[in-house]
>>> print(open('my_file.txt').read())   # compact mmCIF, C-alpha atoms and all ligand atoms
# COMPACT_ATOMS: atom_id res chain seq x y z
CA MET A 22 7.31 -2.38 -31.67
CA ILE A 23 7.16 -5.87 -30.20
CA LYS A 24 3.63 -6.68 -29.05
CA THR A 25 3.48 -7.52 -25.33
CA LYS A 26 0.66 -7.75 -22.82
CA LEU A 27 1.92 -4.69 -20.94
CA LEU A 28 2.70 -2.58 -24.00
CA ASN A 29 0.40 0.27 -22.95
CA ILE A 30 1.50 0.39 -19.33
CA GLY A 31 4.00 3.10 -18.37
CA LYS A 32 6.26 3.66 -15.37
CA ASP A 33 4.60 4.45 -12.06
CA ILE A 34 4.44 8.09 -11.01
CA HIS A 35 6.97 7.80 -8.18
CA THR A 36 9.60 6.43 -10.56
CA VAL A 37 8.79 9.07 -13.19
CA ILE A 38 9.17 11.98 -10.75
CA ASN A 39 12.23 10.51 -9.02
CA GLU A 40 13.97 10.14 -12.38
CA LEU A 41 12.96 13.68 -13.37
CA LEU A 42 14.35 15.15 -10.14
CA GLN A 43 17.63 13.28 -9.98
CA GLU A 44 20.29 15.53 -8.48
CA SER A 45 17.97 18.53 -8.31
CA ASP A 46 17.31 20.42 -5.07
CA VAL A 47 13.53 20.22 -5.43
CA LEU A 48 11.81 19.07 -2.21
CA ASN A 49 10.57 15.69 -3.29
CA LEU A 50 7.39 14.62 -1.51
CA THR A 51 6.69 11.80 -3.92
CA GLN A 52 9.34 9.30 -2.92
CA ILE A 53 7.96 6.14 -1.33
CA SER A 54 11.09 5.40 0.72
CA PRO A 55 10.83 7.10 4.12
CA ASP A 56 13.56 9.24 5.70
CA PHE A 57 13.10 7.22 8.91
CA GLN A 58 15.45 4.43 9.92
CA CYS A 59 14.67 0.85 10.84
CA PRO A 60 14.91 -0.22 14.52
CA ALA A 61 18.58 -0.52 15.57
CA GLU A 62 18.03 -4.01 16.97
CA LEU A 63 16.76 -5.22 13.62
CA SER A 64 19.86 -3.85 11.85
CA LYS A 65 22.05 -5.69 14.38
CA LEU A 66 20.22 -8.94 13.75
CA ALA A 67 20.67 -8.52 10.00
CA GLU A 68 24.38 -7.99 10.50
CA LYS A 69 24.55 -11.06 12.74
CA TYR A 70 23.04 -13.35 10.12
CA PHE A 71 25.17 -11.96 7.29
CA ARG A 72 28.27 -12.51 9.44
CA LYS A 73 27.15 -16.04 10.27
CA GLY A 74 27.22 -16.76 6.54
CA TYR A 75 23.56 -17.71 6.11
CA ASN A 76 23.95 -17.41 2.38
CA GLN A 77 22.03 -20.36 1.01
CA TYR A 78 18.46 -20.55 -0.30
CA ALA A 79 15.70 -20.35 2.26
CA HIS A 80 12.70 -22.68 2.06
CA VAL A 81 10.64 -22.00 -1.05
CA ASP A 82 7.59 -20.97 1.05
CA GLY A 83 9.73 -18.81 3.33
CA LEU A 84 11.82 -19.56 6.39
CA LEU A 85 9.69 -21.64 8.76
CA GLU A 86 10.87 -19.62 11.79
CA LEU A 87 9.60 -16.44 10.14
CA ARG A 88 6.28 -18.02 9.18
CA GLU A 89 5.88 -19.18 12.78
CA ALA A 90 6.64 -15.70 14.12
CA ILE A 91 4.08 -14.16 11.73
CA SER A 92 1.50 -16.72 12.79
CA GLU A 93 2.02 -15.82 16.47
CA ASN A 94 1.87 -12.14 15.61
CA MET A 95 -1.42 -12.45 13.73
CA ASP A 96 -2.89 -14.26 16.72
CA GLU A 97 -1.69 -11.59 19.14
CA LEU A 98 -2.70 -8.62 16.99
CA TYR A 99 -5.97 -9.79 15.48
CA GLY A 100 -6.83 -13.03 17.31
CA VAL A 101 -6.67 -15.03 14.07
CA LYS A 102 -5.02 -18.37 13.36
CA TYR A 103 -2.95 -19.02 10.24
CA SER A 104 -0.93 -22.21 10.04
CA PRO A 105 2.77 -21.51 9.39
CA ILE A 106 2.94 -24.85 7.60
CA ASN A 107 0.38 -24.29 4.90
CA GLU A 108 -1.30 -20.87 5.22
CA ILE A 109 1.59 -18.38 5.27
CA THR A 110 4.08 -17.70 2.46
CA ILE A 111 6.97 -15.22 2.48
CA THR A 112 7.30 -13.06 -0.63
CA ALA A 113 9.66 -10.46 -2.05
CA GLY A 114 7.51 -7.64 -0.71
CA ALA A 115 3.80 -6.95 -1.00
CA THR A 116 4.05 -6.04 -4.68
CA GLN A 117 5.25 -9.51 -5.63
CA ALA A 118 2.64 -11.07 -3.34
CA MET A 119 -0.07 -9.08 -5.14
CA PHE A 120 1.23 -10.08 -8.58
CA THR A 121 1.53 -13.72 -7.56
CA ALA A 122 -1.91 -13.89 -5.95
CA ILE A 123 -3.60 -12.13 -8.87
CA SER A 124 -1.87 -14.29 -11.48
CA THR A 125 -2.75 -17.45 -9.53
CA PHE A 126 -6.48 -16.86 -9.61
CA VAL A 127 -7.25 -14.68 -12.62
CA ASN A 128 -7.87 -16.49 -15.89
CA GLU A 129 -8.70 -15.24 -19.39
CA GLY A 130 -11.95 -13.25 -19.28
CA ASP A 131 -12.24 -13.04 -15.49
CA GLU A 132 -13.29 -9.70 -14.03
CA VAL A 133 -11.49 -8.08 -11.12
CA VAL A 134 -13.11 -5.28 -9.18
CA LEU A 135 -10.76 -2.57 -7.95
CA PHE A 136 -11.22 0.81 -6.43
CA GLU A 137 -9.73 3.97 -7.90
CA PRO A 138 -7.57 5.86 -7.27
CA ALA A 139 -5.51 2.66 -7.06
CA TYR A 140 -1.94 1.58 -6.37
CA SER A 141 -0.28 1.07 -9.74
CA SER A 142 0.62 -2.63 -9.56
CA TYR A 143 -2.87 -4.16 -9.73
CA VAL A 144 -3.81 -3.45 -13.32
CA PRO A 145 -0.60 -4.83 -14.88
CA ALA A 146 -1.03 -8.05 -12.88
CA ILE A 147 -4.67 -8.40 -13.97
CA VAL A 148 -3.97 -7.62 -17.63
CA ASN A 149 -0.97 -9.96 -17.67
CA SER A 150 -3.27 -12.78 -16.59
CA GLY A 151 -5.84 -12.04 -19.31
CA GLY A 152 -8.31 -10.59 -16.82
CA ARG A 153 -10.42 -7.46 -17.11
CA PRO A 154 -10.18 -4.76 -14.45
CA VAL A 155 -13.58 -3.34 -13.49
CA PHE A 156 -13.11 0.05 -11.88
CA VAL A 157 -15.20 1.57 -9.11
CA GLN A 158 -14.42 5.11 -8.07
CA LEU A 159 -14.01 5.81 -4.36
CA LYS A 160 -16.40 8.56 -3.34
CA ARG A 161 -15.11 11.95 -2.36
CA PRO A 162 -14.43 13.83 -0.19
CA ASP A 163 -13.13 11.07 2.05
CA TYR A 164 -12.80 8.32 -0.56
CA TYR A 165 -15.25 5.77 0.76
CA ILE A 166 -16.69 2.73 -1.06
CA ASP A 167 -20.26 2.83 -2.34
CA TRP A 168 -21.18 -0.82 -1.77
CA ASP A 169 -24.46 -0.51 -3.72
CA GLU A 170 -22.36 0.31 -6.77
CA VAL A 171 -20.18 -2.74 -6.12
CA GLN A 172 -23.26 -4.94 -5.74
CA LYS A 173 -24.51 -3.76 -9.17
CA ILE A 174 -21.32 -4.59 -11.07
CA ILE A 175 -20.50 -8.02 -9.67
CA ASN A 176 -21.63 -10.98 -11.73
CA THR A 177 -20.68 -14.59 -12.49
CA ARG A 178 -17.46 -13.45 -14.23
CA THR A 179 -16.24 -11.58 -11.13
CA LYS A 180 -13.29 -13.52 -9.79
CA LEU A 181 -11.73 -11.10 -7.37
CA ILE A 182 -12.32 -7.92 -5.42
CA ILE A 183 -9.14 -6.07 -4.40
CA VAL A 184 -9.24 -3.84 -1.33
CA ASN A 185 -6.44 -1.85 0.26
CA THR A 186 -6.55 -0.62 3.83
CA PRO A 187 -5.08 1.78 4.90
CA HIS A 188 -5.35 3.04 1.37
CA ASN A 189 -2.64 4.24 -0.99
CA PRO A 190 -2.95 7.03 -2.13
CA THR A 191 -5.98 8.49 -0.27
CA GLY A 192 -5.18 7.60 3.35
CA SER A 193 -8.71 6.22 3.86
CA ILE A 194 -9.42 3.13 5.96
CA LEU A 195 -12.01 0.38 5.69
CA SER A 196 -14.43 0.61 8.61
CA GLU A 197 -16.00 -2.39 10.34
CA GLU A 198 -19.14 -1.57 8.41
CA ASP A 199 -17.16 -1.75 5.12
CA ILE A 200 -15.82 -5.15 6.08
CA ALA A 201 -19.33 -6.33 6.98
CA GLN A 202 -20.57 -5.09 3.58
CA LEU A 203 -17.77 -6.86 1.77
CA ARG A 204 -18.66 -10.07 3.56
CA LYS A 205 -22.34 -9.64 2.72
CA ILE A 206 -21.71 -8.93 -0.96
CA THR A 207 -19.39 -11.91 -1.44
CA ASN A 208 -21.46 -14.30 0.68
CA GLY A 209 -22.85 -17.15 -1.42
CA THR A 210 -20.60 -16.28 -4.40
CA LYS A 211 -17.29 -17.70 -5.61
CA ILE A 212 -15.64 -14.29 -5.46
CA LEU A 213 -12.24 -14.13 -3.76
CA VAL A 214 -10.90 -11.07 -1.95
CA ILE A 215 -7.36 -9.76 -1.94
CA SER A 216 -6.72 -7.36 0.92
CA ASN A 217 -3.55 -5.30 0.64
CA GLU A 218 -2.72 -4.36 4.24
CA THR A 219 0.81 -3.13 3.66
CA PHE A 220 0.25 -0.03 5.83
CA GLU A 221 -1.56 -1.89 8.63
CA HIS A 222 0.51 -0.30 11.43
CA ILE A 223 0.50 3.25 10.07
CA VAL A 224 -2.87 4.41 11.37
CA PHE A 225 -3.64 7.66 13.19
CA ASP A 226 -5.81 9.26 15.85
CA LYS A 227 -5.65 6.27 18.21
CA ARG A 228 -7.03 3.87 15.61
CA LYS A 229 -6.04 0.23 16.06
CA PRO A 230 -4.64 -1.81 13.15
CA GLN A 231 -7.38 -3.92 11.63
CA SER A 232 -7.41 -6.70 9.09
CA VAL A 233 -9.93 -8.36 6.81
CA SER A 234 -8.66 -11.59 8.39
CA GLY A 235 -10.45 -10.58 11.60
CA ASN A 236 -13.79 -11.41 9.95
CA ALA A 237 -13.85 -15.22 10.01
CA GLN A 238 -16.30 -15.67 7.12
CA LEU A 239 -14.46 -13.19 4.93
CA ALA A 240 -11.08 -14.69 5.82
CA GLU A 241 -12.20 -17.99 4.25
CA ARG A 242 -12.22 -16.37 0.80
CA SER A 243 -9.45 -13.83 1.39
CA ILE A 244 -5.79 -13.50 0.59
CA VAL A 245 -4.29 -11.03 3.05
CA ILE A 246 -1.04 -9.37 2.01
CA SER A 247 1.35 -7.29 4.08
CA SER A 248 4.96 -6.21 4.10
CA PHE A 249 7.69 -5.52 6.61
CA GLY A 250 8.79 -2.64 4.38
CA LYS A 251 6.35 -0.08 5.78
CA THR A 252 6.13 -1.51 9.30
CA PHE A 253 9.85 -1.34 10.08
CA ASN A 254 11.00 1.27 7.51
CA ILE A 255 12.84 -1.36 5.48
CA PRO A 256 11.21 -1.16 2.02
CA GLY A 257 14.56 -1.97 0.42
CA TRP A 258 14.67 -5.36 2.11
CA LYS A 259 11.70 -6.37 -0.04
CA ILE A 260 10.21 -8.91 2.34
CA GLY A 261 6.46 -9.31 2.65
CA TYR A 262 3.99 -12.10 3.15
CA CYS A 263 0.73 -13.56 2.09
CA LEU A 264 -1.87 -15.29 4.28
CA ALA A 265 -4.71 -17.45 3.02
CA PRO A 266 -6.65 -20.59 3.90
CA GLU A 267 -4.88 -23.75 2.77
CA LYS A 268 -7.13 -24.37 -0.24
CA LEU A 269 -6.11 -20.99 -1.68
CA MET A 270 -2.53 -20.97 -0.42
CA SER A 271 -1.73 -24.36 -2.00
CA GLN A 272 -2.41 -22.76 -5.41
CA ILE A 273 -0.62 -19.48 -4.65
CA ARG A 274 2.49 -21.42 -3.64
CA LYS A 275 2.70 -22.99 -7.10
CA SER A 276 2.98 -19.54 -8.70
CA ASN A 277 5.23 -18.25 -5.95
CA MET A 278 7.65 -21.15 -6.39
CA PHE A 279 8.26 -20.31 -10.04
CA GLN A 280 8.04 -16.53 -9.81
CA ILE A 281 10.45 -15.97 -6.91
CA ASN A 282 11.50 -19.40 -5.66
CA SER A 283 12.93 -18.12 -2.41
CA VAL A 284 13.43 -14.85 -0.54
CA ASN A 285 16.61 -13.38 1.04
CA THR A 286 17.73 -15.85 3.73
CA PRO A 287 19.73 -13.79 6.31
CA LEU A 288 17.10 -11.04 6.42
CA GLN A 289 14.33 -13.58 7.01
CA TYR A 290 16.30 -14.91 10.00
CA ALA A 291 16.73 -11.36 11.30
CA LEU A 292 13.01 -10.63 11.00
CA ALA A 293 12.06 -13.95 12.61
CA ASP A 294 14.18 -13.09 15.67
CA TYR A 295 13.02 -9.50 15.76
CA LEU A 296 9.31 -10.40 15.66
CA ARG A 297 9.86 -12.42 18.82
CA THR A 298 11.17 -9.41 20.75
CA GLU A 299 8.85 -7.06 22.64
CA ILE A 300 7.71 -4.80 19.80
CA ASP A 301 5.58 -1.82 20.66
CA TYR A 302 3.45 -1.64 17.52
CA SER A 303 1.64 1.42 18.84
CA ILE A 304 4.69 3.65 18.26
CA ILE A 305 5.33 2.66 14.63
CA ALA A 306 2.93 5.29 13.31
CA LYS A 307 4.26 8.05 15.58
CA PRO A 308 6.74 9.83 13.25
CA TYR A 309 4.20 9.64 10.43
CA GLU A 310 1.38 10.96 12.59
CA GLU A 311 3.61 13.85 13.71
CA ASN A 312 4.30 14.67 10.07
CA ARG A 313 0.64 14.41 9.14
CA ASN A 314 -0.22 16.76 11.99
CA LEU A 315 2.50 19.15 10.88
CA VAL A 316 1.01 19.24 7.37
CA LEU A 317 -2.52 19.78 8.70
CA ASP A 318 -1.32 22.49 11.06
CA ARG A 319 0.73 24.40 8.46
CA LEU A 320 -1.79 24.13 5.65
CA MET A 321 -4.96 24.54 7.70
CA ASN A 322 -5.37 28.19 6.83
CA SER A 323 -3.99 27.92 3.32
CA ARG A 324 -6.03 27.75 0.12
CA PHE A 325 -5.79 23.97 0.00
CA GLU A 326 -8.79 21.97 1.14
CA ILE A 327 -7.79 18.95 3.16
CA VAL A 328 -9.50 15.81 4.44
CA PRO A 329 -7.01 14.46 7.01
CA SER A 330 -5.32 11.19 6.12
CA LYS A 331 -6.39 8.39 8.50
CA GLY A 332 -3.38 6.18 7.80
CA THR A 333 -0.44 5.51 5.37
CA PHE A 334 1.96 8.36 4.59
CA TYR A 335 -0.19 9.95 1.91
CA GLN A 336 -2.07 13.22 2.21
CA LEU A 337 -4.24 14.53 -0.61
CA LEU A 338 -4.78 18.25 -1.19
CA ASP A 339 -7.64 19.83 -3.13
CA TYR A 340 -6.21 22.83 -5.01
CA LYS A 341 -9.38 24.11 -6.72
CA ALA A 342 -9.14 27.44 -4.92
CA ILE A 343 -5.65 27.99 -6.33
CA SER A 344 -5.82 26.89 -9.93
CA ASP A 345 -8.03 25.29 -12.53
CA GLU A 346 -5.08 23.75 -14.35
CA LYS A 347 -4.99 19.99 -14.91
CA ASP A 348 -3.38 18.24 -11.95
CA THR A 349 -0.40 17.12 -14.07
CA GLU A 350 0.21 20.74 -15.13
CA PHE A 351 -0.26 22.00 -11.59
CA ALA A 352 2.24 19.43 -10.25
CA ARG A 353 4.71 20.57 -12.92
CA ARG A 354 4.12 24.21 -11.94
CA LEU A 355 4.84 23.44 -8.27
CA ILE A 356 8.19 21.94 -9.22
CA ASP A 357 9.15 24.88 -11.43
CA GLN A 358 7.69 27.70 -9.32
CA ILE A 359 8.27 26.71 -5.68
CA GLY A 360 10.57 23.69 -5.95
CA VAL A 361 8.17 21.19 -4.35
CA ALA A 362 7.26 17.88 -6.02
CA LEU A 363 3.82 16.45 -5.29
CA PHE A 364 2.01 13.77 -7.33
CA PRO A 365 -1.05 14.39 -9.53
CA LEU A 366 -3.91 12.13 -8.43
CA SER A 367 -5.23 11.58 -11.97
CA VAL A 368 -2.41 9.12 -12.68
CA PHE A 369 -4.01 6.71 -10.20
CA TYR A 370 -7.13 6.43 -12.41
CA HIS A 371 -7.27 4.36 -15.63
CA ASP A 372 -9.13 7.23 -17.33
CA SER A 373 -7.09 10.03 -15.75
CA VAL A 374 -9.98 11.52 -13.75
CA ASP A 375 -8.92 15.03 -12.81
CA ASN A 376 -10.59 16.29 -9.62
CA LYS A 377 -7.94 18.97 -9.05
CA MET A 378 -6.24 16.88 -6.42
CA ILE A 379 -2.57 16.46 -5.74
CA GLY A 380 -0.92 14.31 -3.12
CA MET A 381 2.19 14.17 -0.97
CA CYS A 382 4.13 11.45 0.81
CA PHE A 383 4.74 12.79 4.32
CA ASN A 384 7.58 10.37 4.98
CA ARG A 385 10.40 12.92 4.78
CA ASN A 386 12.27 14.45 7.72
CA LYS A 387 10.71 17.30 9.67
CA GLU A 388 12.85 20.04 8.10
CA ILE A 389 11.85 19.04 4.57
CA MET A 390 8.18 18.77 5.57
CA GLU A 391 8.29 22.21 7.23
CA ASP A 392 10.03 23.82 4.27
CA ALA A 393 7.65 22.25 1.72
CA CYS A 394 4.57 23.30 3.71
CA GLU A 395 5.82 26.87 4.07
CA ARG A 396 6.26 27.09 0.29
CA LEU A 397 2.84 25.54 -0.37
CA LYS A 398 1.11 27.78 2.14
CA LYS A 399 2.18 30.93 0.31
CA LEU A 400 0.70 29.91 -3.02
CA ASN A 401 -1.62 32.50 -4.51
CA PRO A 402 -4.42 31.76 -6.96
CA ILE A 403 -3.27 31.34 -10.55
CA ARG A 404 -5.94 32.27 -13.12
C1 LIG B 1 -0.50 -0.19 -1.29
C2 LIG B 1 0.90 -0.64 -1.44
N1 LIG B 1 1.16 -1.94 -1.64
C3 LIG B 1 2.42 -2.38 -1.77
C4 LIG B 1 3.49 -1.52 -1.71
C5 LIG B 1 4.88 -2.02 -1.89
O1 LIG B 1 5.21 -2.93 -0.91
P1 LIG B 1 6.58 -3.73 -1.03
O2 LIG B 1 7.69 -2.74 -1.03
O3 LIG B 1 6.57 -4.61 0.16
O4 LIG B 1 6.52 -4.48 -2.32
C6 LIG B 1 3.28 -0.17 -1.52
C7 LIG B 1 4.41 0.77 -1.50
O5 LIG B 1 4.25 1.97 -1.40
C8 LIG B 1 1.97 0.27 -1.37
O6 LIG B 1 1.70 1.56 -1.18
>>> encode(input="my_file.txt", output="C-alpha cells", more="lines below")
Ligand SMILES: Cc1ncc(COP(=O)(O)O)c(C=O)c1O
Amino acid sequence: MIKTKLLNIGKDIHTVINELLQESDVLNLTQISPDFQCPAELSKLAEKYFRKGYNQYAHVDGLLELREAISENMDELYGVKYSPINEITITAGATQAMFTAISTFVNEGDEVVLFEPAYSSYVPAIVNSGGRPVFVQLKRPDYYIDWDEVQKIINTRTKLIIVNTPHNPTGSILSEEDIAQLRKITNGTKILVISNETFEHIVFDKRKPQSVSGNAQLAERSIVISSFGKTFNIPGWKIGYCLAPEKLMSQIRKSNMFQINSVNTPLQYALADYLRTEIDYSIIAKPYEENRNLVLDRLMNSRFEIVPSKGTFYQLLDYKAISDEKDTEFARRLIDQIGVALFPLSVFYHDSVDNKMIGMCFNRNKEIMEDACERLKKLNPIR
C-alpha cells in the first residue's frame, strides 16, 4: 500500500449508500441532491450564456460581476460590507472553499477545533495540512455547543475553530448567544474562525438567515463560506464563495489560484444576473419546511423520538425505543426490511459514537417522503 496522508480516510456515507443502492427500488433518504428544481429564470440565464459562447476562463478570483452581486447581497441580507475586489472569492462549491481555507491557514502541528457530528470534508483537509483535529461533541438532545468545554481545550496551538450553521447533519442553528460566546472566546487570541453557512437560506419556523459575518468583531477573524448549490437547488453547478477580510483573503487566494484556478464561466455570468433580479429569499426554505413538517406529522406518534430540525434538510431520529442494535446495523436492517435508506449518525464522529441515532435527508419529493414515513411509522420494536 502506498503511504498517503489520507490513507485512513474512507468514502463519505452518502457516496457509500448511493453506490450500494444503485438501481435498487429502496427509498433513498440519504442523497444530498434534492428532488427540487432550480428557478426557471436561472436555467434560462445559464442557457443564454452557454449560447453566447462564454467559454473562456473567468478571472482567477471569480467573475467580478458575480463578486459584486454577492457583495450587494451580503449588504442587503446582513448589513455587512465585503469588497468585491479583495474580500470575496468564487470557488467550486463550499467543499472546495473549506479545503482551500483550511489548507491556507493550518500548518504542521496546528490544532483545529471542530464540533461532532461533523460534515465529512473537514478532517481530511486538516490532516492533509498536517494539522490535528480537536473534537468537541455537540450536546444532545438538540446538539448545542458547550462553550465552557471549548474554552478549556483552546490553547496557543489552536489555529482555527470551524462552525457550521445551519448544521449538517443535526439541523441545529447557532443562536445569537452562541455567536457572542464565540466572539468572547476568540477575543484577544490569534484564533481564526471558519463558518460554513452553506444552508443559510434553509431555516424554518420563521427564522431569519443569520451569519457570523453579522458580528463585526468576529467577522475580522472569520472566513465565511457559502454555496449557491443549496440556495438555488443547483449543487451540480458546484459554485460557492468565500468571504474574509483582505488580510486573510489575500492568503486564501494564493491557495485558491493553484487549487482551482478558475470556476465555470457561463454559470458565473448566469448567477451574477440572477442575483440582481428580485429574489424572494423567504420562499427558498418552503419545500424543505413542508417536508420537515410532513416528517414530524407522520412520525409524531411513532416510536421514534424527534427533536425538530431547525434548518438544512436533515432530520435526526432517535430509535432507542425500537432497537438496541448499532446504528450501522439498524440502518442496514431498514434497507433490507422496509426498503428505506437512512444514514447512521455514528459515521459523523471520528470515534463512531453510537447514540442510537439515524438521520434522513428530507429533500425528496412528497410521494417518496410520505411512503418512507409510512414504512418507518409501522416499525415494531426489535429485541
Ligand atoms: C455543511 C455542508 N457544507 C458543504 C456542502 C457541499 O457544498 P458544495 O456542493 O457547494 O461543495 C454540503 C453538502 O451537503 C454541506 O452539507
>>> residues_near_ligand(input="my_file.txt", ligand="ligand LIG 1 (chain B)", cutoff="9 Å", atoms="all atoms listed in the file", output="PyMOL selection string")
chain A and resi 53-54+112-119+139-142+185-190+217-220+246-251+255-262+333-334
>>> atom_distance(input="my_file.txt", atom1="atom CA of A:His80", atom2="atom CA of A:Lys102")
21.5 Å
>>> atom_distance(input="my_file.txt", atom1="atom CA of A:Ile206", atom2="atom CA of A:Lys180")
13.0 Å
>>> closest_residue(input="my_file.txt", among="A:Asn149, A:Gln43, A:Gln58, A:Ser243", to="A:Leu181", atoms="only C-alpha atoms")
A:Ser243
>>> atom_distance(input="my_file.txt", atom1="atom CA of A:Gly380", atom2="atom CA of A:Ser367")
10.2 Å
>>> axis_aligned_box(input="my_file.txt", around="stretch 240-243 of chain A", padding_each_side="6 Å", output="JSON")
{"center_x": -10.8, "center_y": -15.9, "center_z": 3.3, "size_x": 14.8, "size_y": 16.2, "size_z": 17.0}
>>> residues_around(input="my_file.txt", residues="stretch 161-166 of chain A", least_positions_apart="3", cutoff="12 Å", atoms="only C-alpha atoms", output="ChimeraX atom specification")
/A:134-139,156-158,169-172,184-196,198-200,202-203,326-331,336-339,376,378
>>> residues_around(input="my_file.txt", residues="A:Thr349", least_positions_apart="6", cutoff="12 Å", atoms="all atoms listed in the file", output="JSON, numbers by chain")
{"A": [34, 38, 355, 356, 362, 363, 364, 365, 366, 367, 368, 369, 373, 374, 375, 376, 377, 378, 379, 380]}
>>> residues_around(input="my_file.txt", residues="A:Val148", least_positions_apart="6", cutoff="10 Å", atoms="only C-alpha atoms", output="VMD selection string")
chain A and resid 26 to 27 30 123 to 124 127 to 130 133 154
>>> decode(input="my_file.txt", residues="stretch 199-206 of chain A", atoms="all heavy atoms", output="short mmCIF file (atom, residue, chain, number, x, y, z; two decimals), in the first residue's frame")
data_model
loop_
_atom_site.label_atom_id
_atom_site.label_comp_id
_atom_site.auth_asym_id
_atom_site.auth_seq_id
_atom_site.Cartn_x
_atom_site.Cartn_y
_atom_site.Cartn_z
N ASP A 199 -24.71 32.06 20.99
CA ASP A 199 -23.56 31.24 20.54
C ASP A 199 -22.53 32.13 19.85
O ASP A 199 -21.32 32.00 20.08
CB ASP A 199 -24.01 30.17 19.53
CG ASP A 199 -24.76 29.03 20.18
OD1 ASP A 199 -24.33 28.57 21.25
OD2 ASP A 199 -25.79 28.61 19.62
N ILE A 200 -23.02 33.00 19.00
CA ILE A 200 -22.10 33.86 18.25
C ILE A 200 -21.37 34.81 19.21
O ILE A 200 -20.16 35.04 19.09
CB ILE A 200 -22.87 34.61 17.12
CG1 ILE A 200 -23.28 33.56 16.06
CG2 ILE A 200 -22.02 35.70 16.48
CD1 ILE A 200 -24.09 34.05 14.91
N ALA A 201 -22.12 35.30 20.21
CA ALA A 201 -21.48 36.17 21.22
C ALA A 201 -20.41 35.38 21.99
O ALA A 201 -19.32 35.89 22.28
CB ALA A 201 -22.54 36.72 22.16
N GLN A 202 -20.70 34.13 22.29
CA GLN A 202 -19.73 33.29 23.03
C GLN A 202 -18.48 33.03 22.19
O GLN A 202 -17.37 33.05 22.69
CB GLN A 202 -20.37 31.94 23.39
CG GLN A 202 -21.42 32.00 24.46
CD GLN A 202 -20.80 32.16 25.84
OE1 GLN A 202 -19.60 32.09 26.00
NE2 GLN A 202 -21.64 32.43 26.82
N LEU A 203 -18.70 32.78 20.91
CA LEU A 203 -17.58 32.52 20.01
C LEU A 203 -16.69 33.76 19.93
O LEU A 203 -15.46 33.68 19.95
CB LEU A 203 -18.12 32.14 18.62
CG LEU A 203 -17.13 31.81 17.53
CD1 LEU A 203 -16.21 30.66 17.93
CD2 LEU A 203 -17.86 31.43 16.22
N ARG A 204 -17.32 34.90 19.87
CA ARG A 204 -16.55 36.16 19.84
C ARG A 204 -15.75 36.32 21.14
O ARG A 204 -14.56 36.62 21.12
CB ARG A 204 -17.50 37.34 19.67
CG ARG A 204 -16.75 38.65 19.43
CD ARG A 204 -17.58 39.86 19.71
NE ARG A 204 -17.95 40.00 21.11
CZ ARG A 204 -17.15 40.41 22.08
NH1 ARG A 204 -15.88 40.73 21.81
NH2 ARG A 204 -17.55 40.50 23.32
N LYS A 205 -16.41 36.04 22.25
CA LYS A 205 -15.76 36.21 23.56
C LYS A 205 -14.55 35.28 23.70
O LYS A 205 -13.47 35.69 24.11
CB LYS A 205 -16.80 35.90 24.65
CG LYS A 205 -16.43 36.42 26.00
CD LYS A 205 -17.62 36.32 26.93
CE LYS A 205 -17.16 35.82 28.28
NZ LYS A 205 -18.17 35.08 29.00
N ILE A 206 -14.74 34.04 23.30
CA ILE A 206 -13.69 33.03 23.45
C ILE A 206 -12.47 33.33 22.57
O ILE A 206 -11.34 33.08 22.94
CB ILE A 206 -14.28 31.63 23.14
CG1 ILE A 206 -14.98 31.12 24.40
CG2 ILE A 206 -13.22 30.64 22.69
CD1 ILE A 206 -15.56 29.75 24.25
#
